[in-house]
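To start, the structure itself, in structure tokens.
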Amino acid sequence: MSELYDIVASSAFWIAVLRIATPLIFGTLGVLLCERAGVLNLGIEGIMVAGAFTGWLAVFQGADLWTGVLVAAMVGALLGLVHASLTVWLGVSQHVSGLGLTLLAASLAAYAYRVSFPTVSSPPTIEAFAPLEALSAVPLIGPALGAQTAMTILALMLVPIVGWTLQRTPAGLAVRMAGENPAAVEAQGLSVLAVRTSAVMAGSALMGVAGAFLTLSAFNAFFFNMVNGRGWICVALVVFASWRPGKALLGALLFAAFDALQLRLQQSSGLLPVTLPYQLYLMLPYLLSIVALVVMARRAAYPQALMKPYRKGER
Amino acid sequence: MRLEARSASSRMAQLLAPFAAVLITLLVCALLVAWAGAPVGRTYALLFEGAFGSRFALSETLTRATPLVLTGLAAAVAFRAGFYNIGAEGQLYVGALAAVAVGAQGGSLEALPPTLRFVLMMLAGAAAGALMLAGPALLKIRFGVDEVVTTLLLNFIALLFVSMMLDGPMKDPLAMGWPQSAALDPQLELSRLMARSRVHSGLLLACVLALAIWIVERFTTFGFALRAVGANARAAAFAGLPVARTLILGALLSGALAGLAGVGEVAGRTSYLTLDMSPGYGYSGIVIAMLAGLNPLGVILAAIFVASVLVGADSMSRAVGVPNYLADVIVATSLLAILVAGLFTRYRIRWSSR
């Protein structure tokens with residue numbers, strides 16, 4: 001038990017937690033924005049791949065890192081517009097449209113990668129974000145914070161910003177109304193379709209940034225399969241967080257803590273009495289997501305109009 | 001601009017929708033071909049030739065279509081019941097794993113007569129796939145947990161489980177450290193349908209199953225319940241239909257079909273299980289089901305279309321240097337296109353505001 005304590009008390013552990021949590025925070029906030037407006041966006045997995053690729057490509061071709069993040073956000077917003085056109089304007093199945101978008105965005109990224117780099121054997125690299133060592137001076141959490149990049153700080157700052165925008169601004173109210181009672185939006189003289197489209201585009205932009213974190217901060221190159229289900233985990237985390245940004249942060253950190261712990265346990269074999277196959281450890285994040293879904297399912301207060309297309313004058 | 005429901009959706013429009021979707025897809029993807037610097041017409045001609053142009057090409061397309069018919073059916077049955085099974089990829093792998101567990105050389109069941117063992121192998125594969133979907137189905141019914149997310153996550157868990165088994169207890173000791181299972185007993189392999197090709201009797205099995213499911217959906221009370229629950233679960237419950245039981249049975253059937261796709265691949269094509277056996281057949285099954293309008297017989301045609309794109313792209317890629325990922329882009333685009341095309345069979349656009 002004391003060894004377990006040593007792990008959790010080490011700054012290396014918390015460095016890993018924040019690093020694992022960052023793309024989940026971006027992604028979860030993105031899913032949350034879409035769903036609060038009433039739109040399920042299963043395109044996240046593919047949008048993250050597209051964001052990872054395009055952000056990295058921009059930097060590889062000479063843009064600076066923040067421009068890369070911006071490119072990823074814009075590509076995400078564009079893919080979000082595709083999803084919104086299909087689901088919000090035409091009202092097709094949000095499940096199937098999202099999956100189609102994931103398949104499309106992921107395969108487009110793979111295609112574009114191969115067209116751009118037909119012959120490379122090992123992935124080309126870029127100069128990724130550097131850690132903000134100045135933050136090590138912060139008391140208590142400094143050691144963990146100082147090893148992070150500016151993108152992690154951005155993710156942490158976005159949580160209160162998204163929360164405040166949703167709860168305290170007219171735009172946020174419109175988004176929440178679109179997800180709970182779209183007819184009320186119409187009664188205010190606003191367009192449900194426009195509100196939902198904007199929310200989906202903003203959320204998808206965040207998903208693109210989540211992907212860009214992988215290529216511009218966590219690693220310095222683009223690999224196929226690098227997103228590896230993180231998008232789906234974000235969808236589960238939003239249910240776990242009851243559609244609240246603060247709880248989403250908590251969920252992402254909790255989840256990342258488990259993930260960091262399994263990585264540690266995998267490496268230090270002496271901790272557990274038996275040696276388990278490494279695949280069991282890798283299963284843990286996905287199993288945890290399912291458990292989180294089940295635990296919260298009874299209390300889940302889904303946005304009332306989630307997955308319900310809105311057509312003016314139709315009931 | 002607004003959408004207006006059509007009073008009746010014409011049979012003709014429904015039949016034409018998938019062809020319109022494919023046409024739109026090919027037009028959109030032509031831009032990508034041009035971007036890669038290849039002549040569009042020649043690229044598509046090569047793609048077609050690579051899929052249908054020779055006896056060999058045709059046989060490869062049919063071989064590839066075999067698992068796709070089954071995963072397409074898996075998606076079609078589940079979607080018909082309003083149950084979004086996105087886990088066919090994982091179910092396919094556990095089905096293949098179960099088949100190997102029963103049928104591998106040197107297994108404990110070797111003493112059994114081959115016919116019995118063959119039947120056991122098929123049943124084990126189907127049961128493994130079905131069992132994997134039992135969890136998400138129960139969670140949906142009991143707790144209202146969205147089955148899309150659970151089945152998606154289970155894909156990763158299933159693949160890791162298969163990887164664990166191929167690294168551990170089911171690893172072929174003769175495979176030089178490569179994670180692969182022992183080979184299937186040759187007596188259990190599916191017979192060849194065409195000489196000098198890889199087309200195997202799994203294709204027949206898949207087509208027979210498609211016909212059987214079409215008959216079940218059309219002419220039995222279970223089929224009626226399946227369609228009613230999928231169309232409107234609350235109305236079905238109000239009418240006294242057993243909604244939960246129908247959903248569970250539909251889900252089990254769907255999982256079993258995906259499991260059989262895995263058995264077919266092992267017993268008909270590869271004869272042993274590796275982790276790269278399926279290049280996303282489970283996900284392609286969703287596209288196939290949608291292209292087919294969830295019609296089990298349409299699934300056969302849609303599966304041949306998707307298989308031809310995958311096979312044709314490989315040889316096209318070798319000839320003109322367009323990445324074969326074009327195939328995945330075509331498949332994905334056709335899913336979005338059929339969604340839109342299907343919508344316009346039910347709605348029309350009114351440009352005036354009133």
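A note on labels: chains of the structure tokens are A, B, ... as shown, every chain counts residues from 1, and ligands are counted from 1 in their shown order.
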Selection: 12 Å around region 205-213 of chain B, only C-alpha atoms, excl. self and same-chain fewer than 5 positions, as a count of residues only = 52
Within 8 Å of chain A, which residues of chain B show up when using only C-alpha atoms, listed as number ranges by chain?
-> B: 3, 36, 139, 143-145, 148-150, 152-154, 156-157, 160-161, 163-164, 322-326, 328-329, 332-333, 335-336, 339-340, 343
Hey, what does DSSP flag as helix (DSSP H, G or I) within region 115-266 of chain A? Can you give it to me as a ChimeraX atom specification?
-> /A:115-116,133-137,142-145,150-168,170-180,182-187,192-218,230-240,245-266
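For the choices A:Ala16, A:Leu4, A:Leu306, A:Met74, the atom-to-atom distance to Ala147 (chain A) is smallest for A:Ala16 when using only C-alpha atoms.
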Contacts of Phe48 (chain B) within 9 Å, only C-alpha atoms, excl. fewer than 3 positions in-chain, as a list in words | Thr43, Tyr44, Ala45, Ala51, Phe52, Gly53, Ser308, Val309, Gly312, Ala313 and Met316 of chain B
Would you put the residues from that selection into a file with C-alpha atoms, as an mmCIF file, in the first residue's frame?
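Below is the file that was written, part_21.cif:
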data_model
loop_
_atom_site.group_PDB
_atom_site.id
_atom_site.type_symbol
_atom_site.label_atom_id
_atom_site.label_comp_id
_atom_site.auth_asym_id
_atom_site.auth_seq_id
_atom_site.Cartn_x
_atom_site.Cartn_y
_atom_site.Cartn_z
ATOM 1 C CA THR B 43 -8.359 6.194 -62.045
ATOM 2 C CA TYR B 44 -12.011 5.205 -61.844
ATOM 3 C CA ALA B 45 -11.634 2.922 -64.870
ATOM 4 C CA ALA B 51 -12.677 -5.097 -59.009
ATOM 5 C CA PHE B 52 -14.467 -6.741 -61.932
ATOM 6 C CA GLY B 53 -12.076 -6.750 -64.899
ATOM 7 C CA SER B 308 -15.319 -3.807 -55.160
ATOM 8 C CA VAL B 309 -14.192 -0.361 -54.015
ATOM 9 C CA GLY B 312 -10.318 -2.127 -56.917
ATOM 10 C CA ALA B 313 -8.537 0.628 -54.998
ATOM 11 C CA MET B 316 -5.658 1.162 -58.918
#
Would you mind listing what lies within 12 Å of Gly177 (chain B) as a ChimeraX atom specification, with only C-alpha atoms counted and same-chain residues fewer than 3 positions away left out?
-> /B:166-168,171-174,180-181
Given only C-alpha atoms as the counted atoms, nearest of A:Ala212, A:Ala52, A:Leu206, A:Ala178 to Pro303 (chain A) | A:Ala178
Any idea what's packed within 12 Å of Gly142 (chain A), counting only C-alpha atoms, ignoring anything in its chain fewer than 6 positions away? Could you give it as a list in words?
-> Ser11, Ala12, Trp14, Ile15, Leu132, Glu133, Ala134, Leu135, Ser136 and Gln148 of chain A
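The space between CA of Thr119 (chain A) and CA of Trp35 (chain B) spans 17.2 Å.
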